[in-house]
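Enquirer: There's a structure below that I have some questions on.
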Amino acid sequence: IPVDPFDLVIFGGTGDLAMRKLLPALFRRDADGQIPATARILGLARTDQDTESFKAEARAALHKHVAVDELDSIALERFIERLSYLHIDVTDARAWGELVSYLNERPEHIRVYYLAVGPALFGPIAQGLAQVGLATTKARLVVEKPLGHDLASAMTLNRELSSVFNEKSIYRIDHYLGKETVQNLMALRFANALFEPLWNANRIDHVQITASESLGVGTRGSYYDTAGAIRDMVQNHLVQLLCLLAMEPPYKFDADALRDEKLKVLRSLRPITGRNVLTNTVRGQYLAHGPDAPSYLQEVGNPDSKTESYVAIKAEIDNWRWSGVPFYLRTGKKLRAQMTEIAVVFKEPAHSVFGDLETPSMPNVLSIRLQPDEGLQLVIMTKDPGPGGFRLRAIPLDMTFAEGRGSNWRMPDAYERLLMDVVRGNQTLFMRGDEVEAAWRWIDPIIEAWEASGLRPEGYDPGSRGPIAAVEMMARDGRRWREIE
Ligand code: NAD
């Protein structure tokens, strides 16, 4: 279904996010016929170039990031024609005139301002837009992580943005929420009578949320060292996934109804403070592996850094539904494989009637994979077929929707969905300001307790499953981490 005509301004239009994610996503929506004929896309950055060279750069980026069979030449030319470029330094107050003239050519269009620039520019851009009268009620402002460095800075940022834009016009992206499989989790929970009665401490033993990366910090070292895994991944992505999994059913599938429920989960997270960080969290830093694989400390160029490239947290939700069910979160760099997964591990059957079989029963596991191979699986126990005896076998029930879609069906990228939702004015999959603050309220004390402990993160081998202490944390609870694969 086509969206209404819009003008999308990408502040930071020449950057990595714009070239690698935003333009390919917009191209795909355009090729699919969802973008109306008059819609325009404006790249804005401080790179001194004109529209022609921006178009050439965009074309090269599309060739690099979109598969050849998707790059229909007519669709590509139509998309490139939508692009324009403005060379503006947003810190220069005199620079905004050209943007005003460009947007005023189409006063009826919805205006979307995507801030694909560093967070230090979010406030100044919002102010700049307001000063030249571009912060209208029809406008939408899109921002992405990092949304603050701690609670205080997140509150400052929220104040800066809300002094110019109404909360209904602010779209805080967490692209994990745009993943089809994550939305499918909501369909699974709330469109089936089957799961909700099981979705609580009576039937669920624990939950594991893993975001494992195989690469190191690479060229992002200087930024990453000021953040670490907890700020870069847990405060936003992992906590958001936890919220969707743990929230109560919203009274309807509507932005505020859903976000109210997520906020309640965030407020129920048990604080991890003081010495509890020693038992409920593990930090790691990857070690070197020969001269070609430098350690975390070498890559960030700071031998004293205590910033973690790996973190595991045992989170607990103090409410009726989840009392006693741990949510284990872990994320790290230079691990065994690239994998993002939520696993809901159910309790064992109350009594094993097959007690003396060679093959022991395994708990049912619902796994929601975000990557690789986005999809949903429920592992159930069956009888291994054959006359040889009565053996049990765990088999996965595949609940992925690629099934039946034809061989060239492609799972849409999260940004495709999210960008169109911005134009449609649908905030369901975007974070509200109070959610971001509540997440920091839980994260800040953990970081403070780490700092107070004076301890260093534990070293782990690149390509491994992470620090030994994380395995021990699970073993103390009589549990094991899921394999990273
Ligand atoms: P980048 O350094 O590649 O690009 C920054 C862009 O901002 C460039 O186009 C640059 O010209 C422009 N810019 C900088 N200062 C400017 C100024 N004063 N006036 C006008 N334009 C200016 O950065 P990036 O990787 O694209 O990331 C941008 C933001 O998005 C960062 O905050 C980053 O943390 C966040 N982010 C990036 C990704 C990603 O995949 N790259 C993912 C999530 C969040």
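The chains in the structure tokens are called A, B, ... from first to last as shown; in each chain the residues are counted from 1, and the ligands are counted from 1 in the order shown.
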So which bits of stretch 228-399 of chain A end up alpha helix (DSSP H) when you DSSP the backbone, as a ChimeraX atom specification?

Expert: /A:228-229,239-246,255-268,276-280,296-300

Enquirer: Do you know which residues are within 10 Å of ligand 1 using only C-alpha atoms and all ligand atoms? Can you write them as JSON, numbers by chain?

Expert: {"A": [10, 11, 12, 13, 14, 15, 16, 17, 18, 19, 20, 21, 22, 43, 44, 45, 46, 47, 48, 86, 87, 88, 89, 90, 91, 92, 95, 114, 115, 116, 117, 118, 119, 120, 121, 122, 124, 125, 143, 144, 145, 146, 147, 173, 174, 175, 220, 223, 224, 232]}

Enquirer: Keeping only N, CA and C atoms, take the residues you just selected and write them out as a CSV table (one decimal), in the first residue's frame.

Expert:
```csv
chain,number,residue,atom,x,y,z
A,10,ILE,N,17.8,13.4,4.9
A,10,ILE,CA,18.8,12.7,5.7
A,10,ILE,C,19.9,13.6,6.1
A,11,PHE,N,19.9,14.0,7.4
A,11,PHE,CA,21.0,14.8,7.9
A,11,PHE,C,22.2,13.7,8.1
A,12,GLY,N,23.3,14.0,7.5
A,12,GLY,CA,24.4,13.0,7.5
A,12,GLY,C,24.2,12.0,6.3
A,13,GLY,N,23.7,12.6,5.2
A,13,GLY,CA,23.3,11.8,4.0
A,13,GLY,C,24.5,11.1,3.4
A,14,THR,N,25.7,11.5,3.7
A,14,THR,CA,26.8,10.8,3.0
A,14,THR,C,27.5,9.8,3.9
A,15,GLY,N,26.9,9.6,5.1
A,15,GLY,CA,27.5,8.7,6.1
A,15,GLY,C,27.2,7.3,5.9
A,16,ASP,N,27.8,6.5,6.8
A,16,ASP,CA,27.7,5.0,6.7
A,16,ASP,C,26.3,4.5,6.8
A,17,LEU,N,25.6,5.1,7.8
A,17,LEU,CA,24.2,4.6,8.1
A,17,LEU,C,23.3,4.9,6.8
A,18,ALA,N,23.5,6.1,6.3
A,18,ALA,CA,22.7,6.5,5.1
A,18,ALA,C,23.0,5.6,3.9
A,19,MET,N,24.2,5.4,3.6
A,19,MET,CA,24.6,4.7,2.4
A,19,MET,C,24.4,3.1,2.6
A,20,ARG,N,24.6,2.6,3.8
A,20,ARG,CA,24.6,1.2,3.9
A,20,ARG,C,23.2,0.7,4.2
A,21,LYS,N,22.4,1.5,5.0
A,21,LYS,CA,21.1,1.0,5.4
A,21,LYS,C,19.9,1.8,4.8
A,22,LEU,N,20.0,3.2,5.0
A,22,LEU,CA,18.8,3.9,4.6
A,22,LEU,C,18.4,4.0,3.2
A,43,GLY,N,19.8,14.3,0.6
A,43,GLY,CA,20.9,14.1,1.4
A,43,GLY,C,21.5,15.4,1.9
A,44,LEU,N,21.8,15.5,3.1
A,44,LEU,CA,22.4,16.8,3.6
A,44,LEU,C,23.6,16.4,4.5
A,45,ALA,N,24.7,17.1,4.2
A,45,ALA,CA,25.9,16.8,5.0
A,45,ALA,C,26.9,17.9,4.7
A,46,ARG,N,28.0,17.8,5.5
A,46,ARG,CA,29.0,18.8,5.4
A,46,ARG,C,30.1,18.5,4.3
A,47,THR,N,29.9,17.4,3.6
A,47,THR,CA,30.8,17.1,2.5
A,47,THR,C,30.5,18.1,1.4
A,48,ASP,N,31.6,18.7,0.8
A,48,ASP,CA,31.4,19.7,-0.2
A,48,ASP,C,31.2,18.9,-1.6
A,86,LEU,N,22.3,18.7,-0.4
A,86,LEU,CA,22.6,20.0,0.1
A,86,LEU,C,23.8,20.0,0.9
A,87,HIS,N,24.8,20.8,0.6
A,87,HIS,CA,26.0,20.9,1.4
A,87,HIS,C,25.8,21.9,2.5
A,88,ILE,N,25.5,21.4,3.7
A,88,ILE,CA,25.3,22.4,4.8
A,88,ILE,C,26.0,21.9,6.0
A,89,ASP,N,26.6,22.8,6.7
A,89,ASP,CA,27.1,22.5,8.1
A,89,ASP,C,26.0,22.9,9.0
A,90,VAL,N,25.4,22.0,9.7
A,90,VAL,CA,24.2,22.3,10.5
A,90,VAL,C,24.6,23.2,11.7
A,91,THR,N,25.9,23.3,12.0
A,91,THR,CA,26.3,24.2,13.2
A,91,THR,C,26.3,25.6,12.7
A,92,ASP,N,26.2,25.8,11.4
A,92,ASP,CA,26.2,27.2,10.9
A,92,ASP,C,24.8,27.7,10.7
A,95,ALA,N,23.1,28.6,7.3
A,95,ALA,CA,23.0,27.6,6.3
A,95,ALA,C,21.7,27.1,5.9
A,114,TYR,N,15.6,12.7,9.2
A,114,TYR,CA,16.3,11.6,9.8
A,114,TYR,C,17.7,12.0,10.2
A,115,LEU,N,18.0,11.9,11.5
A,115,LEU,CA,19.3,12.4,12.0
A,115,LEU,C,20.3,11.3,12.0
A,116,ALA,N,20.9,11.1,10.8
A,116,ALA,CA,22.0,10.1,10.7
A,116,ALA,C,23.3,10.7,11.0
A,117,VAL,N,23.4,11.5,12.0
A,117,VAL,CA,24.6,12.2,12.5
A,117,VAL,C,24.9,11.8,13.9
A,118,GLY,N,26.1,12.2,14.4
A,118,GLY,CA,26.4,11.9,15.8
A,118,GLY,C,25.4,12.6,16.8
A,119,PRO,N,25.2,12.1,18.0
A,119,PRO,CA,24.1,12.6,18.9
A,119,PRO,C,24.4,14.0,19.4
A,120,ALA,N,25.6,14.4,19.3
A,120,ALA,CA,25.9,15.8,19.7
A,120,ALA,C,25.2,16.8,18.8
A,121,LEU,N,24.8,16.4,17.6
A,121,LEU,CA,24.2,17.3,16.7
A,121,LEU,C,22.6,17.2,16.8
A,122,PHE,N,22.1,16.3,17.5
A,122,PHE,CA,20.6,16.1,17.6
A,122,PHE,C,20.0,17.4,18.1
A,124,PRO,N,21.2,20.6,18.4
A,124,PRO,CA,21.4,21.8,17.4
A,124,PRO,C,20.5,21.6,16.2
A,125,ILE,N,20.3,20.4,15.6
A,125,ILE,CA,19.5,20.3,14.4
A,125,ILE,C,18.1,20.6,14.8
A,143,VAL,N,15.5,9.7,15.2
A,143,VAL,CA,16.8,9.6,15.8
A,143,VAL,C,17.1,8.2,16.2
A,144,GLU,N,18.4,7.9,16.3
A,144,GLU,CA,18.8,6.5,16.5
A,144,GLU,C,19.9,6.5,17.6
A,145,LYS,N,20.2,5.3,18.1
A,145,LYS,CA,21.2,5.2,19.1
A,145,LYS,C,22.5,5.9,18.7
A,146,PRO,N,23.3,6.4,19.6
A,146,PRO,CA,23.1,6.3,21.1
A,146,PRO,C,22.2,7.5,21.5
A,147,LEU,N,21.2,7.1,22.3
A,147,LEU,CA,20.3,8.0,22.9
A,147,LEU,C,20.7,8.3,24.3
A,173,ILE,N,14.4,5.2,16.8
A,173,ILE,CA,14.6,3.9,16.2
A,173,ILE,C,15.4,2.9,17.0
A,174,ASP,N,14.9,1.7,17.2
A,174,ASP,CA,15.7,0.6,17.6
A,174,ASP,C,15.5,-0.4,16.5
A,175,HIS,N,16.4,-0.6,15.6
A,175,HIS,CA,16.1,-1.4,14.4
A,175,HIS,C,15.8,-2.9,14.7
A,220,ARG,N,35.7,1.4,14.9
A,220,ARG,CA,34.8,2.1,15.8
A,220,ARG,C,35.4,2.2,17.2
A,223,TYR,N,35.0,5.4,19.6
A,223,TYR,CA,33.6,5.5,20.1
A,223,TYR,C,33.3,4.4,21.1
A,224,TYR,N,33.6,3.2,20.7
A,224,TYR,CA,33.2,2.0,21.4
A,224,TYR,C,33.7,2.0,22.9
A,232,ASP,N,26.2,0.0,24.3
A,232,ASP,CA,26.0,-0.1,22.9
A,232,ASP,C,24.9,-1.1,22.5
```

Enquirer: Find, counting only C-alpha atoms, the residue in A:Trp96, A:Val365, A:Val217, A:Met420 that gets nearest to A:Leu397.

Expert: A:Val365

Enquirer: Apply DSSP to the backbone of this structure and, from stretch 238-391 of chain A, keep only the residues in strand (DSSP E or B); write these as a PyMOL selection string.

Expert: chain A and resi 269+281-286+310-315+317+327-332+335+339-346+365-371+375-383

Enquirer: Tell me, as a list in words, which residues lie within 7 Å of A:Ser84, counting only C-alpha atoms; anything in the same chain fewer than 4 positions away does not count.

Expert: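 Returned residues: Ile41, Leu42, Gly43 and Thr51 of chain A.
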
Enquirer: Give the answer as one residue: which of A:Glu472, A:Asp72, A:Asp373, A:Asp260 has the shortest atom-to-atom distance to A:Arg432, using only C-alpha atoms?

Expert: A:Asp260
